[in-house]
>>> print(open('start.cif').read())   # mmCIF, C-alpha atoms; chains and numbers go by the auth columns
data_query
loop_
_atom_site.group_PDB
_atom_site.id
_atom_site.type_symbol
_atom_site.label_atom_id
_atom_site.label_comp_id
_atom_site.label_asym_id
_atom_site.label_seq_id
_atom_site.Cartn_x
_atom_site.Cartn_y
_atom_site.Cartn_z
_atom_site.B_iso_or_equiv
_atom_site.auth_seq_id
_atom_site.auth_asym_id
ATOM 1 C CA MET A 1 0.000 0.000 0.000 0.00 1 V
ATOM 2 C CA HIS A 2 1.112 3.552 -0.747 0.00 2 V
ATOM 3 C CA VAL A 3 0.071 6.466 1.486 0.00 3 V
ATOM 4 C CA ASP A 4 0.370 10.184 0.799 0.00 4 V
ATOM 5 C CA ILE A 5 -0.070 12.622 3.704 0.00 5 V
ATOM 6 C CA LEU A 6 -0.797 16.306 3.137 0.00 6 V
ATOM 7 C CA THR A 7 0.034 18.361 6.212 0.00 7 V
ATOM 8 C CA LEU A 8 1.369 21.681 7.450 0.00 8 V
ATOM 9 C CA PHE A 9 3.477 19.874 10.049 0.00 9 V
ATOM 10 C CA PRO A 10 5.290 16.876 8.499 0.00 10 V
ATOM 11 C CA GLY A 11 7.661 16.745 11.472 0.00 11 V
ATOM 12 C CA MET A 12 4.847 15.451 13.667 0.00 12 V
ATOM 13 C CA PHE A 13 4.978 12.115 11.827 0.00 13 V
ATOM 14 C CA ALA A 14 8.684 11.458 12.382 0.00 14 V
ATOM 15 C CA GLY A 15 8.317 9.329 15.542 0.00 15 V
ATOM 16 C CA PRO A 16 5.256 7.149 14.817 0.00 16 V
ATOM 17 C CA LEU A 17 6.317 6.312 11.249 0.00 17 V
ATOM 18 C CA GLU A 18 9.844 5.325 12.247 0.00 18 V
ATOM 19 C CA GLU A 19 9.117 2.935 15.100 0.00 19 V
ATOM 20 C CA SER A 20 7.646 -0.522 15.702 0.00 20 V
ATOM 21 C CA ILE A 21 5.248 -2.103 13.211 0.00 21 V
ATOM 22 C CA LEU A 22 4.999 0.856 10.831 0.00 22 V
ATOM 23 C CA LYS A 23 8.781 0.995 10.553 0.00 23 V
ATOM 24 C CA ARG A 24 9.002 -2.721 9.771 0.00 24 V
ATOM 25 C CA ALA A 25 6.154 -2.494 7.255 0.00 25 V
ATOM 26 C CA ARG A 26 7.980 0.288 5.412 0.00 26 V
ATOM 27 C CA GLU A 27 11.318 -1.510 5.508 0.00 27 V
ATOM 28 C CA SER A 28 9.729 -4.678 4.096 0.00 28 V
ATOM 29 C CA GLY A 29 8.100 -2.784 1.241 0.00 29 V
ATOM 30 C CA LEU A 30 4.543 -3.575 2.335 0.00 30 V
ATOM 31 C CA LEU A 31 3.868 0.088 3.106 0.00 31 V
ATOM 32 C CA SER A 32 5.267 3.262 1.596 0.00 32 V
ATOM 33 C CA ILE A 33 4.498 6.725 2.953 0.00 33 V
ATOM 34 C CA ASN A 34 5.205 10.126 1.433 0.00 34 V
ATOM 35 C CA LEU A 35 4.811 13.341 3.413 0.00 35 V
ATOM 36 C CA HIS A 36 3.868 16.522 1.557 0.00 36 V
ATOM 37 C CA ASP A 37 4.252 19.909 3.209 0.00 37 V
ATOM 38 C CA ILE A 38 1.235 21.975 2.155 0.00 38 V
ATOM 39 C CA ARG A 39 3.249 25.121 2.834 0.00 39 V
ATOM 40 C CA ALA A 40 5.539 24.242 -0.085 0.00 40 V
ATOM 41 C CA PHE A 41 2.573 24.702 -2.434 0.00 41 V
ATOM 42 C CA ALA A 42 1.675 28.173 -1.167 0.00 42 V
ATOM 43 C CA GLU A 43 2.519 31.188 -3.296 0.00 43 V
ATOM 44 C CA GLY A 44 4.321 34.360 -2.310 0.00 44 V
ATOM 45 C CA LYS A 45 7.436 35.145 -0.336 0.00 45 V
ATOM 46 C CA HIS A 46 5.942 34.153 3.021 0.00 46 V
ATOM 47 C CA ARG A 47 4.128 30.980 1.871 0.00 47 V
ATOM 48 C CA ILE A 48 0.932 31.941 3.712 0.00 48 V
ATOM 49 C CA THR A 49 -1.443 29.001 4.161 0.00 49 V
ATOM 50 C CA ASP A 50 -4.129 30.487 6.420 0.00 50 V
ATOM 51 C CA ASP A 51 -6.296 33.588 6.644 0.00 51 V
ATOM 52 C CA TYR A 52 -9.050 35.164 8.733 0.00 52 V
ATOM 53 C CA PRO A 53 -12.525 33.632 8.365 0.00 53 V
ATOM 54 C CA TYR A 54 -15.130 35.500 6.367 0.00 54 V
ATOM 55 C CA GLY A 55 -17.887 36.756 8.644 0.00 55 V
ATOM 56 C CA GLY A 56 -15.514 37.185 11.563 0.00 56 V
ATOM 57 C CA GLY A 57 -14.727 34.880 14.435 0.00 57 V
ATOM 58 C CA SER A 58 -11.684 33.644 16.287 0.00 58 V
ATOM 59 C CA GLY A 59 -8.827 31.649 14.822 0.00 59 V
ATOM 60 C CA MET A 60 -7.563 31.166 11.304 0.00 60 V
ATOM 61 C CA VAL A 61 -8.774 29.010 8.413 0.00 61 V
ATOM 62 C CA MET A 62 -6.549 27.112 5.985 0.00 62 V
ATOM 63 C CA LYS A 63 -6.644 28.692 2.534 0.00 63 V
ATOM 64 C CA PRO A 64 -7.974 26.506 -0.308 0.00 64 V
ATOM 65 C CA GLU A 65 -5.290 27.242 -2.933 0.00 65 V
ATOM 66 C CA PRO A 66 -2.257 25.560 -1.283 0.00 66 V
ATOM 67 C CA VAL A 67 -4.287 22.510 -0.275 0.00 67 V
ATOM 68 C CA ALA A 68 -5.745 22.115 -3.764 0.00 68 V
ATOM 69 C CA ALA A 69 -2.305 22.523 -5.360 0.00 69 V
ATOM 70 C CA ALA A 70 -0.790 19.879 -3.057 0.00 70 V
ATOM 71 C CA LEU A 71 -3.637 17.492 -3.786 0.00 71 V
ATOM 72 C CA ASP A 72 -3.345 18.064 -7.552 0.00 72 V
ATOM 73 C CA PHE A 73 0.365 17.246 -7.329 0.00 73 V
ATOM 74 C CA VAL A 74 -0.295 13.943 -5.547 0.00 74 V
ATOM 75 C CA LEU A 75 -3.209 12.866 -7.736 0.00 75 V
ATOM 76 C CA ALA A 76 -1.286 13.637 -10.936 0.00 76 V
ATOM 77 C CA GLN A 77 1.196 10.903 -9.985 0.00 77 V
ATOM 78 C CA ALA A 78 -1.444 8.287 -9.144 0.00 78 V
ATOM 79 C CA PRO A 79 -2.212 5.627 -11.782 0.00 79 V
ATOM 80 C CA LYS A 80 -5.869 5.728 -10.712 0.00 80 V
ATOM 81 C CA PRO A 81 -7.862 8.023 -8.399 0.00 81 V
ATOM 82 C CA PRO A 82 -7.269 6.988 -4.759 0.00 82 V
ATOM 83 C CA PRO A 83 -9.543 7.661 -1.779 0.00 83 V
ATOM 84 C CA VAL A 84 -8.872 11.137 -0.385 0.00 84 V
ATOM 85 C CA LEU A 85 -9.530 11.090 3.362 0.00 85 V
ATOM 86 C CA LEU A 86 -10.118 14.375 5.147 0.00 86 V
ATOM 87 C CA MET A 87 -9.426 14.209 8.880 0.00 87 V
ATOM 88 C CA CYS A 88 -12.369 16.092 10.298 0.00 88 V
ATOM 89 C CA PRO A 89 -14.453 16.198 13.542 0.00 89 V
ATOM 90 C CA GLN A 90 -17.609 16.205 11.412 0.00 90 V
ATOM 91 C CA GLY A 91 -16.572 13.028 9.579 0.00 91 V
ATOM 92 C CA ARG A 92 -17.953 9.548 10.122 0.00 92 V
ATOM 93 C CA LEU A 93 -16.574 7.775 13.166 0.00 93 V
ATOM 94 C CA PHE A 94 -13.597 5.563 12.339 0.00 94 V
ATOM 95 C CA THR A 95 -14.091 1.882 13.230 0.00 95 V
ATOM 96 C CA GLN A 96 -12.369 -1.448 12.739 0.00 96 V
ATOM 97 C CA GLU A 97 -14.700 -2.173 9.816 0.00 97 V
ATOM 98 C CA ILE A 98 -13.526 0.984 8.069 0.00 98 V
ATOM 99 C CA ALA A 99 -9.924 -0.061 8.754 0.00 99 V
ATOM 100 C CA LYS A 100 -10.610 -3.358 6.969 0.00 100 V
ATOM 101 C CA GLU A 101 -12.156 -1.515 4.021 0.00 101 V
ATOM 102 C CA LEU A 102 -9.223 0.875 3.672 0.00 102 V
ATOM 103 C CA ALA A 103 -6.695 -1.966 3.963 0.00 103 V
ATOM 104 C CA ARG A 104 -8.014 -3.319 0.658 0.00 104 V
ATOM 105 C CA GLU A 105 -6.973 -0.131 -1.145 0.00 105 V
ATOM 106 C CA GLU A 106 -3.639 0.173 -2.936 0.00 106 V
ATOM 107 C CA HIS A 107 -3.308 3.907 -2.352 0.00 107 V
ATOM 108 C CA LEU A 108 -4.662 6.309 0.273 0.00 108 V
ATOM 109 C CA VAL A 109 -4.360 10.079 0.568 0.00 109 V
ATOM 110 C CA PHE A 110 -4.712 11.742 3.990 0.00 110 V
ATOM 111 C CA LEU A 111 -5.585 15.414 4.173 0.00 111 V
ATOM 112 C CA CYS A 112 -4.840 16.961 7.576 0.00 112 V
ATOM 113 C CA GLY A 113 -6.592 20.155 8.550 0.00 113 V
ATOM 114 C CA HIS A 114 -5.290 22.547 11.200 0.00 114 V
ATOM 115 C CA TYR A 115 -6.181 25.756 13.023 0.00 115 V
ATOM 116 C CA GLU A 116 -9.957 26.319 12.833 0.00 116 V
ATOM 117 C CA GLY A 117 -10.243 23.973 9.858 0.00 117 V
ATOM 118 C CA ILE A 118 -10.040 23.992 6.080 0.00 118 V
ATOM 119 C CA ASP A 119 -11.932 26.246 3.712 0.00 119 V
ATOM 120 C CA GLU A 120 -15.281 24.551 3.086 0.00 120 V
ATOM 121 C CA ARG A 121 -14.641 24.368 -0.658 0.00 121 V
ATOM 122 C CA ILE A 122 -11.823 21.879 -0.084 0.00 122 V
ATOM 123 C CA ARG A 123 -14.322 19.351 1.280 0.00 123 V
ATOM 124 C CA GLU A 124 -15.546 18.829 -2.263 0.00 124 V
ATOM 125 C CA LEU A 125 -12.118 17.419 -3.172 0.00 125 V
ATOM 126 C CA ALA A 126 -12.241 14.706 -0.494 0.00 126 V
ATOM 127 C CA THR A 127 -13.937 11.375 -1.105 0.00 127 V
ATOM 128 C CA ASP A 128 -14.504 10.726 2.607 0.00 128 V
ATOM 129 C CA GLU A 129 -14.272 12.479 5.965 0.00 129 V
ATOM 130 C CA LEU A 130 -13.179 10.547 9.056 0.00 130 V
ATOM 131 C CA SER A 131 -13.141 11.312 12.774 0.00 131 V
ATOM 132 C CA ILE A 132 -11.530 9.249 15.550 0.00 132 V
ATOM 133 C CA GLY A 133 -13.905 10.441 18.273 0.00 133 V
ATOM 134 C CA ASP A 134 -16.118 13.116 19.713 0.00 134 V
ATOM 135 C CA PHE A 135 -13.382 15.433 20.914 0.00 135 V
ATOM 136 C CA VAL A 136 -11.320 18.253 19.431 0.00 136 V
ATOM 137 C CA LEU A 137 -7.622 18.047 18.548 0.00 137 V
ATOM 138 C CA THR A 138 -5.240 20.721 17.310 0.00 138 V
ATOM 139 C CA GLY A 139 -5.151 19.248 13.828 0.00 139 V
ATOM 140 C CA GLY A 140 -5.687 16.191 11.663 0.00 140 V
ATOM 141 C CA GLU A 141 -2.164 14.848 12.069 0.00 141 V
ATOM 142 C CA LEU A 142 -2.812 12.686 15.138 0.00 142 V
ATOM 143 C CA PRO A 143 -6.021 11.158 13.671 0.00 143 V
ATOM 144 C CA ALA A 144 -4.111 10.365 10.475 0.00 144 V
ATOM 145 C CA MET A 145 -1.426 8.558 12.490 0.00 145 V
ATOM 146 C CA VAL A 146 -4.061 6.549 14.348 0.00 146 V
ATOM 147 C CA ILE A 147 -5.863 5.515 11.172 0.00 147 V
ATOM 148 C CA ILE A 148 -2.657 4.637 9.306 0.00 148 V
ATOM 149 C CA ASP A 149 -1.551 2.425 12.197 0.00 149 V
ATOM 150 C CA ALA A 150 -4.928 0.662 12.364 0.00 150 V
ATOM 151 C CA VAL A 151 -5.061 0.147 8.597 0.00 151 V
ATOM 152 C CA ALA A 152 -1.454 -1.044 8.312 0.00 152 V
ATOM 153 C CA ARG A 153 -2.157 -3.866 10.775 0.00 153 V
ATOM 154 C CA MET A 154 -4.764 -5.204 8.362 0.00 154 V
ATOM 155 C CA ILE A 155 -2.334 -5.450 5.440 0.00 155 V
ATOM 156 C CA PRO A 156 -1.330 -9.110 4.914 0.00 156 V
ATOM 157 C CA GLY A 157 2.230 -9.729 6.074 0.00 157 V
ATOM 158 C CA VAL A 158 2.604 -6.609 8.230 0.00 158 V
ATOM 159 C CA LEU A 159 2.084 -8.497 11.486 0.00 159 V
ATOM 160 C CA GLY A 160 4.329 -11.457 12.225 0.00 160 V
ATOM 161 C CA ALA A 161 1.590 -14.027 12.905 0.00 161 V
ATOM 162 C CA PRO A 162 -1.248 -14.268 10.344 0.00 162 V
ATOM 163 C CA ASP A 163 -3.912 -14.421 13.095 0.00 163 V
ATOM 164 C CA SER A 164 -2.554 -11.543 15.204 0.00 164 V
ATOM 165 C CA ALA A 165 -4.888 -8.915 13.748 0.00 165 V
ATOM 166 C CA ARG A 166 -7.869 -11.265 13.883 0.00 166 V
ATOM 167 C CA GLU A 167 -7.401 -11.688 17.643 0.00 167 V
ATOM 168 C CA ASP A 168 -7.292 -7.932 18.329 0.00 168 V
ATOM 169 C CA SER A 169 -10.136 -6.162 20.096 0.00 169 V
ATOM 170 C CA PHE A 170 -12.918 -5.048 17.716 0.00 170 V
ATOM 171 C CA TYR A 171 -11.711 -7.203 14.778 0.00 171 V
ATOM 172 C CA GLU A 172 -14.715 -9.508 15.184 0.00 172 V
ATOM 173 C CA GLY A 173 -16.817 -6.983 17.062 0.00 173 V
ATOM 174 C CA LEU A 174 -15.700 -8.001 20.574 0.00 174 V
ATOM 175 C CA LEU A 175 -13.103 -6.848 23.072 0.00 175 V
ATOM 176 C CA ASP A 176 -9.987 -8.959 23.468 0.00 176 V
ATOM 177 C CA TYR A 177 -9.667 -11.617 26.164 0.00 177 V
ATOM 178 C CA PRO A 178 -7.197 -11.176 29.099 0.00 178 V
ATOM 179 C CA GLN A 179 -3.567 -11.914 28.272 0.00 179 V
ATOM 180 C CA TYR A 180 -0.895 -13.330 30.613 0.00 180 V
ATOM 181 C CA THR A 181 2.806 -14.152 30.420 0.00 181 V
ATOM 182 C CA ARG A 182 5.566 -15.278 32.807 0.00 182 V
ATOM 183 C CA PRO A 183 5.873 -15.460 35.781 0.00 183 V
ATOM 184 C CA PRO A 184 2.926 -17.724 36.650 0.00 184 V
ATOM 185 C CA GLU A 185 2.407 -15.808 39.911 0.00 185 V
ATOM 186 C CA PHE A 186 2.775 -12.061 40.428 0.00 186 V
ATOM 187 C CA HIS A 187 1.896 -10.144 43.627 0.00 187 V
ATOM 188 C CA GLY A 188 -0.124 -13.104 44.833 0.00 188 V
ATOM 189 C CA ARG A 189 -2.183 -13.386 41.640 0.00 189 V
ATOM 190 C CA ARG A 190 -1.834 -16.526 39.554 0.00 190 V
ATOM 191 C CA VAL A 191 -2.367 -17.099 35.854 0.00 191 V
ATOM 192 C CA PRO A 192 -5.656 -18.985 35.278 0.00 192 V
ATOM 193 C CA GLU A 193 -4.929 -22.707 35.431 0.00 193 V
ATOM 194 C CA VAL A 194 -6.638 -23.379 32.105 0.00 194 V
ATOM 195 C CA LEU A 195 -3.915 -21.401 30.297 0.00 195 V
ATOM 196 C CA LEU A 196 -1.273 -23.678 31.841 0.00 196 V
ATOM 197 C CA SER A 197 -3.137 -26.878 30.986 0.00 197 V
ATOM 198 C CA GLY A 198 -1.971 -27.258 27.398 0.00 198 V
ATOM 199 C CA HIS A 199 -5.541 -28.240 26.445 0.00 199 V
ATOM 200 C CA HIS A 200 -6.091 -26.206 23.288 0.00 200 V
ATOM 201 C CA GLU A 201 -9.870 -26.567 23.103 0.00 201 V
ATOM 202 C CA MET A 202 -10.334 -25.595 26.757 0.00 202 V
ATOM 203 C CA ILE A 203 -8.061 -22.582 26.226 0.00 203 V
ATOM 204 C CA ARG A 204 -9.968 -21.545 23.109 0.00 204 V
ATOM 205 C CA SER A 205 -13.301 -21.804 24.930 0.00 205 V
ATOM 206 C CA TRP A 206 -11.982 -19.900 27.975 0.00 206 V
ATOM 207 C CA ARG A 207 -10.639 -17.099 25.817 0.00 207 V
ATOM 208 C CA ARG A 208 -13.884 -16.784 23.905 0.00 208 V
ATOM 209 C CA LYS A 209 -15.894 -16.700 27.106 0.00 209 V
ATOM 210 C CA GLU A 210 -13.650 -14.068 28.672 0.00 210 V
ATOM 211 C CA SER A 211 -13.823 -11.987 25.498 0.00 211 V
ATOM 212 C CA LEU A 212 -17.612 -12.107 25.684 0.00 212 V
ATOM 213 C CA ARG A 213 -17.547 -11.370 29.424 0.00 213 V
ATOM 214 C CA ARG A 214 -15.315 -8.325 28.986 0.00 214 V
ATOM 215 C CA THR A 215 -17.456 -7.030 26.126 0.00 215 V
ATOM 216 C CA LEU A 216 -20.671 -7.546 28.114 0.00 216 V
ATOM 217 C CA LEU A 217 -19.271 -5.679 31.119 0.00 217 V
ATOM 218 C CA ARG A 218 -17.438 -2.861 29.359 0.00 218 V
ATOM 219 C CA ARG A 219 -19.012 -2.399 25.922 0.00 219 V
ATOM 220 C CA PRO A 220 -22.401 -4.167 25.818 0.00 220 V
ATOM 221 C CA ASP A 221 -23.360 -2.024 22.824 0.00 221 V
ATOM 222 C CA LEU A 222 -20.930 -4.036 20.687 0.00 222 V
ATOM 223 C CA LEU A 223 -22.857 -7.267 21.213 0.00 223 V
ATOM 224 C CA ALA A 224 -25.820 -5.929 19.234 0.00 224 V
ATOM 225 C CA HIS A 225 -23.754 -6.000 16.028 0.00 225 V
ATOM 226 C CA ALA A 226 -21.212 -8.762 16.714 0.00 226 V
ATOM 227 C CA PRO A 227 -21.549 -11.998 14.689 0.00 227 V
ATOM 228 C CA LEU A 228 -22.400 -14.343 17.572 0.00 228 V
ATOM 229 C CA SER A 229 -22.559 -18.118 17.216 0.00 229 V
ATOM 230 C CA ASP A 230 -24.769 -20.565 19.115 0.00 230 V
ATOM 231 C CA GLU A 231 -21.781 -21.244 21.380 0.00 231 V
ATOM 232 C CA ASP A 232 -21.429 -17.513 22.036 0.00 232 V
ATOM 233 C CA HIS A 233 -25.066 -17.236 23.113 0.00 233 V
ATOM 234 C CA ARG A 234 -24.597 -20.229 25.425 0.00 234 V
ATOM 235 C CA LEU A 235 -21.471 -18.692 26.949 0.00 235 V
ATOM 236 C CA LEU A 236 -23.222 -15.351 27.425 0.00 236 V
ATOM 237 C CA GLU A 237 -26.016 -17.093 29.296 0.00 237 V
ATOM 238 C CA GLU A 238 -23.439 -18.786 31.537 0.00 238 V
ATOM 239 C CA ILE A 239 -21.817 -15.403 32.191 0.00 239 V
ATOM 240 C CA ARG A 240 -25.149 -13.828 33.141 0.00 240 V
ATOM 241 C CA GLN A 241 -25.983 -16.725 35.466 0.00 241 V
ATOM 242 C CA GLU A 242 -22.571 -16.473 37.121 0.00 242 V
ATOM 243 C CA ALA A 243 -23.039 -12.733 37.598 0.00 243 V
ATOM 244 C CA ALA A 244 -26.483 -13.265 39.136 0.00 244 V
ATOM 245 C CA SER A 245 -25.122 -15.970 41.441 0.00 245 V
ATOM 246 C CA ASN A 246 -22.252 -13.739 42.577 0.00 246 V
ATOM 247 C CA GLN A 247 -24.667 -10.905 43.266 0.00 247 V
ATOM 248 C CA ASP A 248 -26.897 -13.200 45.324 0.00 248 V
ATOM 249 C CA ALA A 249 -23.881 -14.308 47.352 0.00 249 V
ATOM 250 C CA ARG A 250 -22.927 -10.685 48.041 0.00 250 V
ATOM 251 C CA ASP A 251 -26.484 -9.861 49.082 0.00 251 V
ATOM 252 C CA VAL A 252 -26.540 -12.745 51.570 0.00 252 V
ATOM 253 C CA SER A 253 -23.172 -11.833 53.113 0.00 253 V
ATOM 254 C CA ALA A 254 -23.940 -8.122 53.414 0.00 254 V
ATOM 255 C CA PRO A 255 -25.012 -6.907 56.897 0.00 255 V
ATOM 256 C CA GLU A 256 -28.564 -5.670 57.348 0.00 256 V
ATOM 257 C CA PRO A 257 -28.974 -1.902 57.112 0.00 257 V
ATOM 258 C CA GLY A 258 -28.376 -0.205 60.477 0.00 258 V
ATOM 259 C CA LYS A 259 -26.678 -3.250 62.034 0.00 259 V
ATOM 260 C CA ARG A 260 -22.995 -3.639 62.771 0.00 260 V
ATOM 261 C CA GLU A 261 -21.324 -6.594 61.077 0.00 261 V
ATOM 262 C CA GLN A 262 -19.203 -7.297 64.193 0.00 262 V
ATOM 263 C CA PRO A 263 -20.637 -6.360 67.659 0.00 263 V
ATOM 264 C CA PHE A 264 -18.294 -4.768 70.163 0.00 264 V
ATOM 265 C CA ASP A 265 -18.452 -3.525 73.728 0.00 265 V
ATOM 266 C CA GLU A 266 -19.210 0.099 74.264 0.00 266 V
#
>>> encode(input="start.cif", output="structure tokens")
Amino acid sequence: MHVDILTLFPGMFAGPLEESILKRARESGLLSINLHDIRAFAEGKHRITDDYPYGGGSGMVMKPEPVAAALDFVLAQAPKPPPVLLMCPQGRLFTQEIAKELAREEHLVFLCGHYEGIDERIRELATDELSIGDFVLTGGELPAMVIIDAVARMIPGVLGAPDSAREDSFYEGLLDYPQYTRPPEFHGRRVPEVLLSGHHEMIRSWRRKESLRRTLLRRPDLLAHAPLSDEDHRLLEEIRQEAASNQDARDVSAPEPGKREQPFDE
């Protein structure tokens, strides 16, 4: 996959693109990334890329001409029109499903806004607008980094083990199961015995159940859209029964209101 990034601050990408999985993906040739400084496409001695908003208001707005010129430069070199992704708070919320969709593309273009945003007429040049959440950031650079990382993991060969991405949280609509490594005991807490048993089917079933349990407790909204099997429904019922049983046990052991649990002499 080839990625072009249009930004006013290319230096912000230096760390994330040169470490860990993204670095290895680039070194192996599975991912190539070009950074384009929008300021280089601005005209005039001072290369001005922003101006005051029409109608008044605080902040500055990115001018359309430099952005359009940078985008024209990138698209002129593309063998076919790629998706142009505008990082924008008003865009559709980025999800794992969108990451899978984008991973099937050969070429992606990221357009990073800054300041108070981009001139509205630039939106017409984007094929999609994406947001990583309901909060405001200084610019589109950080969202672009997040999306590139998520998409790169979906590219075949980027991760060492073929099933690594499939086991991530959200890949199949559920949160990931708990993970453990050596030592078998830490601060008095032991690794679940099933993970030490060597019984692959028991381990698989335990992990699936714990994934469902964690999703039910932390993100129950995900279960409405997750592709659940008959086994999953059975495990969810077990989880609910266990939760009800634990609650009953707590209710029985709790002292009655207004009574001391342990009497003492006054």
>>> resolve_selection(input="start.cif", expression="the PyMOL selection byres ((chain V and resi 32) around 9)", output="MDAnalysis selection string")
chainID V and resid 1:4 25:27 29:31 33:34
>>> atom_distance(input="start.cif", atom1="CA of Thr95 (chain V)", atom2="CA of Phe9 (chain V)")
25.3 Å
>>> residues_around(input="start.cif", residues="Ile98 (chain V)", least_positions_apart="2", cutoff="12 Å", atoms="all atoms listed in the file", output="list in words")
Leu85, Arg92, Leu93, Phe94, Thr95, Gln96, Lys100, Glu101, Leu102, Ala103, Arg104, Glu105, Asp128, Glu129, Leu130, Ser131, Ile132, Ile147, Ile148, Ala150, Val151, Met154, Phe170 and Tyr171 of chain V
>>> axis_aligned_box(input="start.cif", around="region 228-235 of chain V", padding_each_side="8 Å", output="lines of an AutoDock Vina configuration file")
center_x = -23.2
center_y = -17.8
center_z = 22.1
size_x = 19.6
size_y = 22.9
size_z = 25.7
>>> residues_around(input="start.cif", residues="region 205-215 of chain V", least_positions_apart="6", cutoff="8 Å", atoms="only C-alpha atoms", output="list in words")
Leu174, Leu175, Asp176, Tyr177, Pro178, Val194, Leu222, Leu223, Asp232, Leu235, Leu236 and Ile239 of chain V
>>> resolve_selection(input="start.cif", expression="the PyMOL selection byres ((chain V and resi 117) around 10)", output="ChimeraX atom specification")
/V:50,59-63,87-89,112-116,118-120,138-140
>>> closest_residue(input="start.cif", among="V:Gly173, V:Leu35, V:Pro66, V:Val109", to="Pro227 (chain V)", atoms="only C-alpha atoms")
V:Gly173
>>> atom_distance(input="start.cif", atom1="CA of Leu108 (chain V)", atom2="CA of Ile5 (chain V)")
8.5 Å
>>> closest_residue(input="start.cif", among="V:Ile38, V:Gly133, V:Glu185, V:Glu106", to="Ile155 (chain V)", atoms="all atoms listed in the file")
V:Glu106
>>> closest_residue(input="start.cif", among="V:Ala99, V:Gly15, V:Leu75, V:Pro10", to="Asp149 (chain V)", atoms="all atoms listed in the file")
V:Ala99
